Structure formats: structure tokens, C-alpha cells
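**Student:** Input query-v4.pdb, format and content: PDB, C-alpha atoms, pLDDT in the B column.
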ATOM      1  CA  MET A   1      13.104  18.551  19.724  1.00 88.00           C
ATOM      2  CA  TYR A   2      10.811  15.950  18.179  1.00 91.00           C
ATOM      3  CA  GLU A   3      12.000  13.503  15.533  1.00 92.00           C
ATOM      4  CA  ILE A   4      11.053  10.312  13.767  1.00 93.00           C
ATOM      5  CA  ILE A   5      13.581   8.064  12.037  1.00 93.00           C
ATOM      6  CA  PHE A   6      12.385   6.112   8.999  1.00 94.00           C
ATOM      7  CA  GLU A   7      14.595   3.100   8.251  1.00 95.00           C
ATOM      8  CA  ILE A   8      14.908   2.616   4.482  1.00 94.00           C
ATOM      9  CA  PRO A   9      14.075  -1.014   3.552  1.00 93.00           C
ATOM     10  CA  ALA A  10      16.468  -3.196   1.565  1.00 92.00           C
ATOM     11  CA  GLY A  11      16.174  -2.734  -2.195  1.00 91.00           C
ATOM     12  CA  VAL A  12      14.869   0.824  -1.881  1.00 94.00           C
ATOM     13  CA  THR A  13      16.764   4.063  -2.429  1.00 94.00           C
ATOM     14  CA  VAL A  14      15.511   7.388  -1.119  1.00 95.00           C
ATOM     15  CA  ALA A  15      16.920  10.677  -2.399  1.00 94.00           C
ATOM     16  CA  ARG A  16      15.974  14.268  -1.678  1.00 94.00           C
ATOM     17  CA  GLU A  17      15.952  16.675  -4.614  1.00 93.00           C
ATOM     18  CA  GLY A  18      14.980  20.112  -3.357  1.00 91.00           C
ATOM     19  CA  ASP A  19      11.583  19.712  -1.702  1.00 92.00           C
ATOM     20  CA  ASN A  20      10.903  16.397  -3.465  1.00 95.00           C
ATOM     21  CA  PHE A  21      11.602  12.900  -2.216  1.00 95.00           C
ATOM     22  CA  VAL A  22      12.378  10.329  -4.912  1.00 96.00           C
ATOM     23  CA  VAL A  23      11.856   6.709  -3.865  1.00 96.00           C
ATOM     24  CA  LYS A  24      13.178   4.035  -6.253  1.00 95.00           C
ATOM     25  CA  GLY A  25      12.709   0.293  -6.097  1.00 94.00           C
ATOM     26  CA  ALA A  26      12.320  -2.849  -8.176  1.00 94.00           C
ATOM     27  CA  LYS A  27       8.872  -1.897  -9.539  1.00 94.00           C
ATOM     28  CA  GLY A  28       9.564   1.736 -10.352  1.00 94.00           C
ATOM     29  CA  GLU A  29      10.015   5.229  -9.004  1.00 95.00           C
ATOM     30  CA  LEU A  30       7.743   7.589  -7.058  1.00 96.00           C
ATOM     31  CA  THR A  31       8.216  11.301  -6.393  1.00 96.00           C
ATOM     32  CA  ARG A  32       6.406  13.398  -3.798  1.00 96.00           C
ATOM     33  CA  ARG A  33       6.843  16.959  -2.557  1.00 96.00           C
ATOM     34  CA  MET A  34       7.309  17.169   1.209  1.00 94.00           C
ATOM     35  CA  TYR A  35       7.923  20.625   2.608  1.00 94.00           C
ATOM     36  CA  HIS A  36       7.192  22.608   5.752  1.00 94.00           C
ATOM     37  CA  PRO A  37       9.304  25.522   6.993  1.00 94.00           C
ATOM     38  CA  ALA A  38       9.465  24.129  10.549  1.00 94.00           C
ATOM     39  CA  ILE A  39      10.462  20.586   9.537  1.00 95.00           C
ATOM     40  CA  ALA A  40      14.008  19.424   8.752  1.00 95.00           C
ATOM     41  CA  PHE A  41      14.831  16.321   6.713  1.00 94.00           C
ATOM     42  CA  ALA A  42      18.107  14.377   6.646  1.00 94.00           C
ATOM     43  CA  VAL A  43      18.812  11.355   4.423  1.00 93.00           C
ATOM     44  CA  GLU A  44      21.883   9.460   5.645  1.00 90.00           C
ATOM     45  CA  ASP A  45      23.110   5.967   6.606  1.00 87.00           C
ATOM     46  CA  GLY A  46      20.050   4.102   5.291  1.00 90.00           C
ATOM     47  CA  ALA A  47      17.580   6.227   7.229  1.00 94.00           C
ATOM     48  CA  VAL A  48      15.530   9.385   6.827  1.00 95.00           C
ATOM     49  CA  THR A  49      15.357  11.613   9.901  1.00 95.00           C
ATOM     50  CA  ILE A  50      12.370  13.949  10.095  1.00 95.00           C
ATOM     51  CA  SER A  51      12.650  16.469  12.928  1.00 95.00           C
ATOM     52  CA  THR A  52      11.330  19.756  14.257  1.00 94.00           C
ATOM     53  CA  GLU A  53      11.998  22.209  17.043  1.00 94.00           C
ATOM     54  CA  SER A  54       8.357  23.276  17.075  1.00 91.00           C
ATOM     55  CA  THR A  55       6.025  22.273  19.891  1.00 91.00           C
ATOM     56  CA  ARG A  56       2.908  22.793  17.774  1.00 93.00           C
ATOM     57  CA  ARG A  57       0.662  19.792  17.503  1.00 94.00           C
ATOM     58  CA  SER A  58      -0.038  20.289  13.799  1.00 94.00           C
ATOM     59  CA  VAL A  59       3.683  20.257  12.943  1.00 94.00           C
ATOM     60  CA  ARG A  60       4.240  17.066  14.939  1.00 94.00           C
ATOM     61  CA  ALA A  61       1.254  15.476  13.188  1.00 95.00           C
ATOM     62  CA  LEU A  62       2.747  16.424   9.829  1.00 95.00           C
ATOM     63  CA  ILE A  63       5.977  14.625  10.757  1.00 95.00           C
ATOM     64  CA  GLY A  64       3.937  11.458  11.310  1.00 94.00           C
ATOM     65  CA  THR A  65       2.205  11.990   7.981  1.00 96.00           C
ATOM     66  CA  TYR A  66       5.517  12.351   6.139  1.00 96.00           C
ATOM     67  CA  ASN A  67       6.803   9.176   7.833  1.00 96.00           C
ATOM     68  CA  ALA A  68       3.675   7.267   6.741  1.00 96.00           C
ATOM     69  CA  LEU A  69       4.016   8.597   3.173  1.00 96.00           C
ATOM     70  CA  LEU A  70       7.603   7.362   2.983  1.00 96.00           C
ATOM     71  CA  LYS A  71       6.490   3.908   4.220  1.00 95.00           C
ATOM     72  CA  VAL A  72       3.693   3.730   1.654  1.00 95.00           C
ATOM     73  CA  MET A  73       5.987   4.869  -1.171  1.00 96.00           C
ATOM     74  CA  SER A  74       8.709   2.356  -0.280  1.00 95.00           C
ATOM     75  CA  LYS A  75       6.163  -0.476  -0.064  1.00 95.00           C
ATOM     76  CA  GLY A  76       4.708   0.560  -3.420  1.00 95.00           C
ATOM     77  CA  VAL A  77       8.035   0.488  -5.287  1.00 95.00           C
ATOM     78  CA  THR A  78       8.918  -2.944  -3.876  1.00 95.00           C
ATOM     79  CA  GLU A  79       5.596  -4.830  -3.726  1.00 94.00           C
ATOM     80  CA  GLY A  80       3.004  -2.635  -5.464  1.00 94.00           C
ATOM     81  CA  TYR A  81      -0.678  -2.289  -4.620  1.00 96.00           C
ATOM     82  CA  GLU A  82      -3.677  -4.258  -5.831  1.00 96.00           C
ATOM     83  CA  TYR A  83      -7.386  -3.528  -5.423  1.00 97.00           C
ATOM     84  CA  ARG A  84     -10.035  -6.062  -6.379  1.00 97.00           C
ATOM     85  CA  MET A  85     -13.537  -4.989  -7.349  1.00 97.00           C
ATOM     86  CA  LYS A  86     -16.650  -7.117  -7.892  1.00 96.00           C
ATOM     87  CA  VAL A  87     -19.339  -6.472 -10.499  1.00 95.00           C
ATOM     88  CA  VAL A  88     -22.738  -6.960  -8.833  1.00 93.00           C
ATOM     89  CA  PHE A  89     -26.046  -6.918 -10.713  1.00 92.00           C
ATOM     90  CA  ASN A  90     -29.553  -8.144 -10.059  1.00 89.00           C
ATOM     91  CA  HIS A  91     -31.609  -6.625 -12.838  1.00 80.00           C
ATOM     92  CA  PHE A  92     -29.503  -6.093 -15.963  1.00 90.00           C
ATOM     93  CA  PRO A  93     -26.173  -7.802 -16.743  1.00 93.00           C
ATOM     94  CA  ILE A  94     -23.408  -5.188 -16.555  1.00 93.00           C
ATOM     95  CA  GLN A  95     -20.746  -5.264 -19.278  1.00 94.00           C
ATOM     96  CA  VAL A  96     -17.349  -3.865 -18.308  1.00 95.00           C
ATOM     97  CA  LYS A  97     -14.463  -3.239 -20.694  1.00 95.00           C
ATOM     98  CA  VAL A  98     -11.250  -1.250 -20.613  1.00 96.00           C
ATOM     99  CA  ALA A  99     -10.769   1.199 -23.486  1.00 93.00           C
ATOM    100  CA  GLY A 100      -7.475   3.070 -23.277  1.00 91.00           C
ATOM    101  CA  ASP A 101      -7.486   5.250 -20.160  1.00 94.00           C
ATOM    102  CA  LYS A 102     -11.178   4.670 -19.416  1.00 96.00           C
ATOM    103  CA  VAL A 103     -13.389   1.914 -18.057  1.00 96.00           C
ATOM    104  CA  GLU A 104     -16.675   1.606 -19.949  1.00 96.00           C
ATOM    105  CA  ILE A 105     -19.597   0.263 -17.934  1.00 95.00           C
ATOM    106  CA  GLY A 106     -22.364  -0.760 -20.322  1.00 94.00           C
ATOM    107  CA  ASN A 107     -25.976  -1.783 -19.733  1.00 93.00           C
ATOM    108  CA  PHE A 108     -25.884  -0.439 -16.160  1.00 91.00           C
ATOM    109  CA  LEU A 109     -29.516  -0.623 -14.947  1.00 89.00           C
ATOM    110  CA  GLY A 110     -30.536  -1.086 -18.603  1.00 89.00           C
ATOM    111  CA  GLU A 111     -29.197   2.309 -19.690  1.00 87.00           C
ATOM    112  CA  LYS A 112     -28.371   2.635 -23.380  1.00 92.00           C
ATOM    113  CA  GLN A 113     -25.482   5.059 -22.795  1.00 93.00           C
ATOM    114  CA  ALA A 114     -22.323   3.525 -21.306  1.00 94.00           C
ATOM    115  CA  ARG A 115     -20.986   5.073 -18.115  1.00 95.00           C
ATOM    116  CA  ILE A 116     -17.323   6.094 -18.189  1.00 96.00           C
ATOM    117  CA  ALA A 117     -14.775   5.977 -15.345  1.00 96.00           C
ATOM    118  CA  ALA A 118     -11.305   7.495 -15.756  1.00 97.00           C
ATOM    119  CA  ILE A 119      -8.191   5.403 -15.106  1.00 97.00           C
ATOM    120  CA  VAL A 120      -5.525   7.505 -13.379  1.00 97.00           C
ATOM    121  CA  PRO A 121      -2.104   7.256 -15.141  1.00 96.00           C
ATOM    122  CA  GLY A 122       0.142   4.593 -13.636  1.00 94.00           C
ATOM    123  CA  VAL A 123      -2.709   2.157 -12.898  1.00 96.00           C
ATOM    124  CA  THR A 124      -3.526  -0.966 -14.894  1.00 96.00           C
ATOM    125  CA  VAL A 125      -7.045  -2.394 -14.901  1.00 97.00           C
ATOM    126  CA  LYS A 126      -7.808  -5.983 -15.917  1.00 96.00           C
ATOM    127  CA  VAL A 127     -11.293  -7.445 -16.274  1.00 96.00           C
ATOM    128  CA  GLN A 128     -11.481 -11.097 -15.182  1.00 94.00           C
ATOM    129  CA  GLY A 129     -15.059 -12.246 -15.562  1.00 90.00           C
ATOM    130  CA  ASP A 130     -17.111 -10.415 -12.940  1.00 93.00           C
ATOM    131  CA  GLU A 131     -14.026  -9.063 -11.172  1.00 95.00           C
ATOM    132  CA  LEU A 132     -11.761  -6.082 -11.858  1.00 96.00           C
ATOM    133  CA  VAL A 133      -8.122  -6.097 -10.719  1.00 97.00           C
ATOM    134  CA  LEU A 134      -6.445  -2.699 -10.342  1.00 97.00           C
ATOM    135  CA  THR A 135      -2.664  -2.645  -9.858  1.00 96.00           C
ATOM    136  CA  GLY A 136      -0.044   0.062  -9.521  1.00 96.00           C
ATOM    137  CA  ILE A 137       2.854   1.287  -7.395  1.00 96.00           C
ATOM    138  CA  ASN A 138       1.160   4.433  -6.059  1.00 95.00           C
ATOM    139  CA  ARG A 139      -1.541   3.616  -3.504  1.00 95.00           C
ATOM    140  CA  GLU A 140      -3.192   6.991  -3.974  1.00 95.00           C
ATOM    141  CA  THR A 141      -3.697   6.599  -7.736  1.00 96.00           C
ATOM    142  CA  VAL A 142      -4.931   2.997  -7.435  1.00 97.00           C
ATOM    143  CA  GLY A 143      -7.451   4.102  -4.795  1.00 96.00           C
ATOM    144  CA  ASN A 144      -8.567   7.081  -6.897  1.00 97.00           C
ATOM    145  CA  THR A 145      -9.196   4.825  -9.898  1.00 97.00           C
ATOM    146  CA  ALA A 146     -11.254   2.448  -7.737  1.00 97.00           C
ATOM    147  CA  ALA A 147     -13.252   5.423  -6.424  1.00 96.00           C
ATOM    148  CA  ASN A 148     -13.848   6.666  -9.995  1.00 97.00           C
ATOM    149  CA  ILE A 149     -15.263   3.262 -10.959  1.00 97.00           C
ATOM    150  CA  GLU A 150     -17.486   3.087  -7.867  1.00 95.00           C
ATOM    151  CA  GLN A 151     -18.783   6.628  -8.420  1.00 95.00           C
ATOM    152  CA  ALA A 152     -19.552   5.939 -12.081  1.00 95.00           C
ATOM    153  CA  CYS A 153     -21.911   3.169 -10.915  1.00 92.00           C
ATOM    154  CA  LYS A 154     -23.840   5.299  -8.453  1.00 89.00           C
ATOM    155  CA  VAL A 155     -27.581   4.512  -8.533  1.00 87.00           C
ATOM    156  CA  ARG A 156     -29.714   7.623  -9.007  1.00 87.00           C
ATOM    157  CA  ASN A 157     -33.512   8.095  -8.932  1.00 88.00           C
ATOM    158  CA  ARG A 158     -34.115   4.571  -7.684  1.00 86.00           C
ATOM    159  CA  ASP A 159     -34.439   2.929  -4.289  1.00 85.00           C
ATOM    160  CA  PRO A 160     -30.858   1.895  -3.295  1.00 80.00           C
ATOM    161  CA  ARG A 161     -32.238  -0.885  -1.075  1.00 84.00           C
ATOM    162  CA  VAL A 162     -33.717  -2.577  -4.129  1.00 86.00           C
ATOM    163  CA  PHE A 163     -31.206  -1.574  -6.817  1.00 84.00           C
ATOM    164  CA  GLN A 164     -27.882  -2.661  -5.336  1.00 85.00           C
ATOM    165  CA  ASP A 165     -26.245  -3.021  -8.734  1.00 89.00           C
ATOM    166  CA  GLY A 166     -22.745  -1.608  -9.180  1.00 92.00           C
ATOM    167  CA  ILE A 167     -19.040  -2.291  -8.964  1.00 94.00           C
ATOM    168  CA  TYR A 168     -17.688  -2.432  -5.420  1.00 94.00           C
ATOM    169  CA  ILE A 169     -14.240  -2.789  -3.805  1.00 95.00           C
ATOM    170  CA  THR A 170     -13.891  -6.241  -2.263  1.00 95.00           C
ATOM    171  CA  SER A 171     -10.238  -6.190  -1.187  1.00 95.00           C
ATOM    172  CA  ARG A 172      -7.313  -3.823  -0.868  1.00 91.00           C
ATOM    173  CA  GLY A 173      -3.865  -5.240  -0.610  1.00 77.00           C
ATOM    174  CA  ASN A 174      -0.594  -5.983  -2.319  1.00 68.00           C
TER     175      ASN A 174
END
So that I can check it, write out the structure of this file as C-alpha cells.

**Tutor:**
Amino acid sequence: MYEIIFEIPAGVTVAREGDNFVVKGAKGELTRRMYHPAIAFAVEDGAVTISTESTRRSVRALIGTYNALLKVMSKGVTEGYEYRMKVVFNHFPIQVKVAGDKVEIGNFLGEKQARIAAIVPGVTVKVQGDELVLTGINRETVGNTAANIEQACKVRNRDPRVFQDGIYITSRGN
């Protein structure tokens, strides 16, 4: 038998509803489906026990993954996550603005058409001069939004050693 015990931090409640885990805290609530036929879950006495009878390596690895997901979710609902991105330009001044659920990147490399990056629901984006601050309680959605912004600023048909313009992640944290 192989098991990992995840101690639930103070101020966080973890509940199991079918195959879904619901983690609630001061900043909000996150839900994630965690299921495998060879893995058993038990939520009791301020701890989540994840165990298996299987000796397969992949099942044991999945137990570690589920433990890490619970840690990330509980940290997100108590502290939240924040990514900082820097607007870098050498040739043309980039104009960044938030419009609803999109980030509009104008004048990128002198292009007339603005480039658009989607903001994943649950993430807030603030433009502070030449810096973007992305915040949210789900690390995955904050990271996906940052990746969308970086990918929207990808330099094409030019030498990337010369044209290093774009918006890049400078720090990940909480």
C-alpha cells in the first residue's frame, strides 16, 4: 500500500463531491476533477489521504500529482497568484490596453492591426506603465493568460536577435 497524506491548511476547507474536489478559502473557491480507478481518497480530520494498492509507477506518480494539485489549490484560495510581465520594445512603442476579456497590443513592430490575447476567466489584468500584473486564484488560468499574451507578441518574418520586442514574464509569485 502506498499513500500520501495532505494536511489541510488553516482557513481552507476541502470537500469531495463525487469525483470533484472543492477547495474553499478566503479568496474564493476552486473545483477540480480527480479520479483514477486504482486510487482511493479519504477526507477526514483536517487531512486528505490519497492511497493505492497498485504497484504501478504511473499510479504512484498520479498520487503525487493529485497531492501537488491540492497544495496549489489551497495556496490559491488563501494567497492567490500573481504574474508580472514587462513590455519591451526597441523599434516601435507598444501600446497595451485591456478591453473586456482581451488584451489589445497595438503598434507592435509598427503593425497597423492590433494583436489580441485572450484573458482566461477568473484572471484580472492591470496595465501599470510598461508592466502588466496578472492576478487570480487558479495558477493554471493565470499562467495560461500570461502564455496567451506572450504568444500574441511572437516576432515573425524578422531576425529575433535584432527584434526582441514583446511582452515577457518577469516574475511568478503570490

**Student:** Could you state which residues are captured by the PyMOL selection byres ((chain A and resi 109) around 8) in this file, as a list in words?

**Tutor:**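 Applied to this file, the PyMOL selection byres ((chain A and resi 109) around 8) selects His91, Phe92, Ile94, Asn107, Phe108, Gly110, Glu111 and Asp165 of chain A.
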
**Student:** Provide the atom CA of Glu53 of chain A to atom CA of Met1 of chain A distance in Å, to one decimal place.

**Tutor:** 4.7 Å

**Student:** Looking at A:Glu3, A:Gly25, A:Ile105, A:Gly11, which one is nearest to Gly46 of chain A, with distances taken over all atoms listed in the file?

**Tutor:** A:Gly11

**Student:** The residues within 12 Å of (16.1, 7.9, -6.6), using all atoms listed in the file and the coordinates of the file, should be reported as a tab-separated table (two decimals) with C-alpha atoms, in the coordinates of the input; which are they?

**Tutor:**
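Saved file part-v3.tsv follows:
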chain	number	residue	atom	x	y	z
A	11	GLY	CA	16.17	-2.73	-2.19
A	12	VAL	CA	14.87	0.82	-1.88
A	13	THR	CA	16.76	4.06	-2.43
A	14	VAL	CA	15.51	7.39	-1.12
A	15	ALA	CA	16.92	10.68	-2.40
A	16	ARG	CA	15.97	14.27	-1.68
A	17	GLU	CA	15.95	16.68	-4.61
A	20	ASN	CA	10.90	16.40	-3.46
A	21	PHE	CA	11.60	12.90	-2.22
A	22	VAL	CA	12.38	10.33	-4.91
A	23	VAL	CA	11.86	6.71	-3.86
A	24	LYS	CA	13.18	4.04	-6.25
A	25	GLY	CA	12.71	0.29	-6.10
A	26	ALA	CA	12.32	-2.85	-8.18
A	28	GLY	CA	9.56	1.74	-10.35
A	29	GLU	CA	10.02	5.23	-9.00
A	30	LEU	CA	7.74	7.59	-7.06
A	31	THR	CA	8.22	11.30	-6.39
A	32	ARG	CA	6.41	13.40	-3.80
A	43	VAL	CA	18.81	11.36	4.42
A	73	MET	CA	5.99	4.87	-1.17
A	74	SER	CA	8.71	2.36	-0.28
A	77	VAL	CA	8.04	0.49	-5.29

**Student:** Evaluating the PyMOL selection byres ((chain A and resi 76) around 8) on the displayed file yields which residues, as a short mmCIF file (atom, residue, chain, number, x, y, z; two decimals) with C-alpha atoms, keeping the file's coordinate frame?

**Tutor:**
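The resulting file, selection_4.cif, is shown below:
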data_model
loop_
_atom_site.label_atom_id
_atom_site.label_comp_id
_atom_site.auth_asym_id
_atom_site.auth_seq_id
_atom_site.Cartn_x
_atom_site.Cartn_y
_atom_site.Cartn_z
CA LYS A 27 8.87 -1.90 -9.54
CA VAL A 72 3.69 3.73 1.65
CA MET A 73 5.99 4.87 -1.17
CA SER A 74 8.71 2.36 -0.28
CA LYS A 75 6.16 -0.48 -0.06
CA VAL A 77 8.04 0.49 -5.29
CA THR A 78 8.92 -2.94 -3.88
CA GLU A 79 5.60 -4.83 -3.73
CA GLY A 80 3.00 -2.64 -5.46
CA TYR A 81 -0.68 -2.29 -4.62
CA GLY A 136 -0.04 0.06 -9.52
CA ILE A 137 2.85 1.29 -7.40
CA ASN A 138 1.16 4.43 -6.06
CA ARG A 139 -1.54 3.62 -3.50
#

**Student:** Tell me, in Å to one decimal, how far atom CA of Val120 of chain A is from atom CA of Ile167 of chain A.

**Tutor:**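 These atoms are spaced 17.3 Å apart.
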
**Student:** Report the distance between atom CA of Pro37 of chain A and atom CA of Gly64 of chain A in Å, rounded to one decimal place.

**Tutor:**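 Atom CA of Gly64 of chain A lies 15.7 Å from atom CA of Pro37 of chain A.
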
**Student:** For the structure shown, which residues end up in the PyMOL selection byres ((chain A and resi 51) around 7)? Put them as a PyMOL selection string, please?

**Tutor:** chain A and resi 2-4+39-41+49-50+52

**Student:** Those same residues, written as a CSV table (one decimal), in the frame of the given file with C-alpha atoms?

**Tutor:**
chain,number,residue,atom,x,y,z
A,2,TYR,CA,10.8,16.0,18.2
A,3,GLU,CA,12.0,13.5,15.5
A,4,ILE,CA,11.1,10.3,13.8
A,39,ILE,CA,10.5,20.6,9.5
A,40,ALA,CA,14.0,19.4,8.8
A,41,PHE,CA,14.8,16.3,6.7
A,49,THR,CA,15.4,11.6,9.9
A,50,ILE,CA,12.4,13.9,10.1
A,52,THR,CA,11.3,19.8,14.3

**Student:** Could you check the closest approach to Lys71 of chain A for each of A:Phe89, A:Tyr35, A:Phe6, A:Tyr83 and tell me which residue wins, using all atoms listed in the file?

**Tutor:**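 The shortest atom-to-atom distance to Lys71 of chain A comes from A:Phe6.
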
**Student:** Excluding same-chain residues fewer than 5 positions from Ile149 of chain A, what lies within 8 Å of it counting only C-alpha atoms, as a compact mmCIF listing (two decimals) with C-alpha atoms, keeping the file's coordinate frame?

**Tutor:**
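Writing the result to out_17.txt gives the following:
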# COMPACT_ATOMS: atom_id res chain seq x y z
CA VAL A 103 -13.39 1.91 -18.06
CA ALA A 117 -14.78 5.98 -15.34
CA ALA A 118 -11.30 7.50 -15.76
CA ILE A 167 -19.04 -2.29 -8.96

**Student:** A:Met34, A:Leu70, A:Ala47, A:Val125: which is nearest Ala99 of chain A, counting all atoms listed in the file?

**Tutor:** A:Val125

**Student:** Considering only C-alpha atoms, can you say which of A:Ser54, A:Gln128, A:Ser171, A:Gln164 comes closest to Lys97 of chain A?

**Tutor:**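 Nearest to Lys97 of chain A: A:Gln128.
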
**Student:** Rank A:Arg33, A:Lys102, A:Arg84, A:Lys126 by their smallest atom-to-atom distance to Ala146 of chain A, using only C-alpha atoms, and report the top residue only.

**Tutor:**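 Nearest candidate to Ala146 of chain A out of A:Arg33, A:Lys102, A:Arg84, A:Lys126: A:Arg84.
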
**Student:** Once 8 Å is added on each side, what are the centre and the three edge lengths, in Å to one decimal, of the axis-aligned box enclosing the listed atoms of segment 108-120 of chain A? Present them as JSON.

**Tutor:**
{"center_x": -18.0, "center_y": 3.2, "center_z": -18.4, "size_x": 41.0, "size_y": 24.6, "size_z": 26.0}

**Student:** Which is closer to Val127 of chain A than all the others in A:Asn157, A:Gln113, A:Tyr168, A:Met85, using all atoms listed in the file?

**Tutor:** A:Met85

**Student:** Identify the residues within 9 Å of coordinate (-7.8, 3.4, -4.0) (same frame as the file), considering all atoms listed in the file, and give the answer as a PyMOL selection string.

**Tutor:** chain A and resi 82-83+134+139-147+169+172

**Student:** Take the selection from the previous step and output its residues with C-alpha atoms, as a PDB file, in the frame of the given file.

**Tutor:**
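This went into out_26.pdb:
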ATOM      1  CA  GLU A  82      -3.677  -4.258  -5.831  1.00 96.00           C
ATOM      2  CA  TYR A  83      -7.386  -3.528  -5.423  1.00 97.00           C
ATOM      3  CA  LEU A 134      -6.445  -2.699 -10.342  1.00 97.00           C
ATOM      4  CA  ARG A 139      -1.541   3.616  -3.504  1.00 95.00           C
ATOM      5  CA  GLU A 140      -3.192   6.991  -3.974  1.00 95.00           C
ATOM      6  CA  THR A 141      -3.697   6.599  -7.736  1.00 96.00           C
ATOM      7  CA  VAL A 142      -4.931   2.997  -7.435  1.00 97.00           C
ATOM      8  CA  GLY A 143      -7.451   4.102  -4.795  1.00 96.00           C
ATOM      9  CA  ASN A 144      -8.567   7.081  -6.897  1.00 97.00           C
ATOM     10  CA  THR A 145      -9.196   4.825  -9.898  1.00 97.00           C
ATOM     11  CA  ALA A 146     -11.254   2.448  -7.737  1.00 97.00           C
ATOM     12  CA  ALA A 147     -13.252   5.423  -6.424  1.00 96.00           C
ATOM     13  CA  ILE A 169     -14.240  -2.789  -3.805  1.00 95.00           C
ATOM     14  CA  ARG A 172      -7.313  -3.823  -0.868  1.00 91.00           C
TER      15      ARG A 172
END

**Student:** Starting from the incomplete input, reconstruct N, CA and C atoms of segment 124-143 of chain A and write that as a compact mmCIF listing (two decimals), in the frame of the given file.

**Tutor:**
# COMPACT_ATOMS: atom_id res chain seq x y z
N THR A 124 -3.04 -0.04 -13.88
CA THR A 124 -3.53 -0.97 -14.89
C THR A 124 -4.78 -1.65 -14.37
N VAL A 125 -5.77 -1.77 -15.25
CA VAL A 125 -7.04 -2.39 -14.90
C VAL A 125 -7.24 -3.60 -15.79
N LYS A 126 -7.53 -4.75 -15.17
CA LYS A 126 -7.81 -5.98 -15.92
C LYS A 126 -9.19 -6.48 -15.52
N VAL A 127 -9.97 -6.89 -16.52
CA VAL A 127 -11.29 -7.44 -16.27
C VAL A 127 -11.18 -8.96 -16.35
N GLN A 128 -11.53 -9.63 -15.25
CA GLN A 128 -11.48 -11.10 -15.18
C GLN A 128 -12.86 -11.60 -14.81
N GLY A 129 -13.70 -11.80 -15.81
CA GLY A 129 -15.06 -12.25 -15.56
C GLY A 129 -15.86 -11.15 -14.89
N ASP A 130 -16.35 -11.42 -13.67
CA ASP A 130 -17.11 -10.42 -12.94
C ASP A 130 -16.25 -9.71 -11.89
N GLU A 131 -14.94 -9.71 -12.11
CA GLU A 131 -14.03 -9.06 -11.17
C GLU A 131 -13.07 -8.14 -11.93
N LEU A 132 -12.75 -7.00 -11.32
CA LEU A 132 -11.76 -6.08 -11.86
C LEU A 132 -10.56 -6.10 -10.93
N VAL A 133 -9.35 -6.12 -11.50
CA VAL A 133 -8.12 -6.10 -10.72
C VAL A 133 -7.36 -4.83 -11.10
N LEU A 134 -7.16 -3.95 -10.13
CA LEU A 134 -6.44 -2.70 -10.34
C LEU A 134 -5.08 -2.82 -9.68
N THR A 135 -4.01 -2.56 -10.42
CA THR A 135 -2.66 -2.64 -9.86
C THR A 135 -1.87 -1.40 -10.20
N GLY A 136 -0.92 -1.07 -9.31
CA GLY A 136 -0.04 0.06 -9.52
C GLY A 136 0.91 0.20 -8.36
N ILE A 137 1.89 1.11 -8.47
CA ILE A 137 2.85 1.29 -7.40
C ILE A 137 2.49 2.43 -6.46
N ASN A 138 1.57 3.31 -6.89
CA ASN A 138 1.16 4.43 -6.06
C ASN A 138 -0.21 4.12 -5.47
N ARG A 139 -0.29 3.98 -4.16
CA ARG A 139 -1.54 3.62 -3.50
C ARG A 139 -2.63 4.65 -3.74
N GLU A 140 -2.23 5.90 -3.78
CA GLU A 140 -3.19 6.99 -3.97
C GLU A 140 -3.88 6.91 -5.35
N THR A 141 -3.10 6.66 -6.40
CA THR A 141 -3.70 6.60 -7.74
C THR A 141 -4.54 5.34 -7.93
N VAL A 142 -4.13 4.23 -7.34
CA VAL A 142 -4.93 3.00 -7.44
C VAL A 142 -6.26 3.20 -6.71
N GLY A 143 -6.22 3.82 -5.55
CA GLY A 143 -7.45 4.10 -4.80
C GLY A 143 -8.36 5.09 -5.51
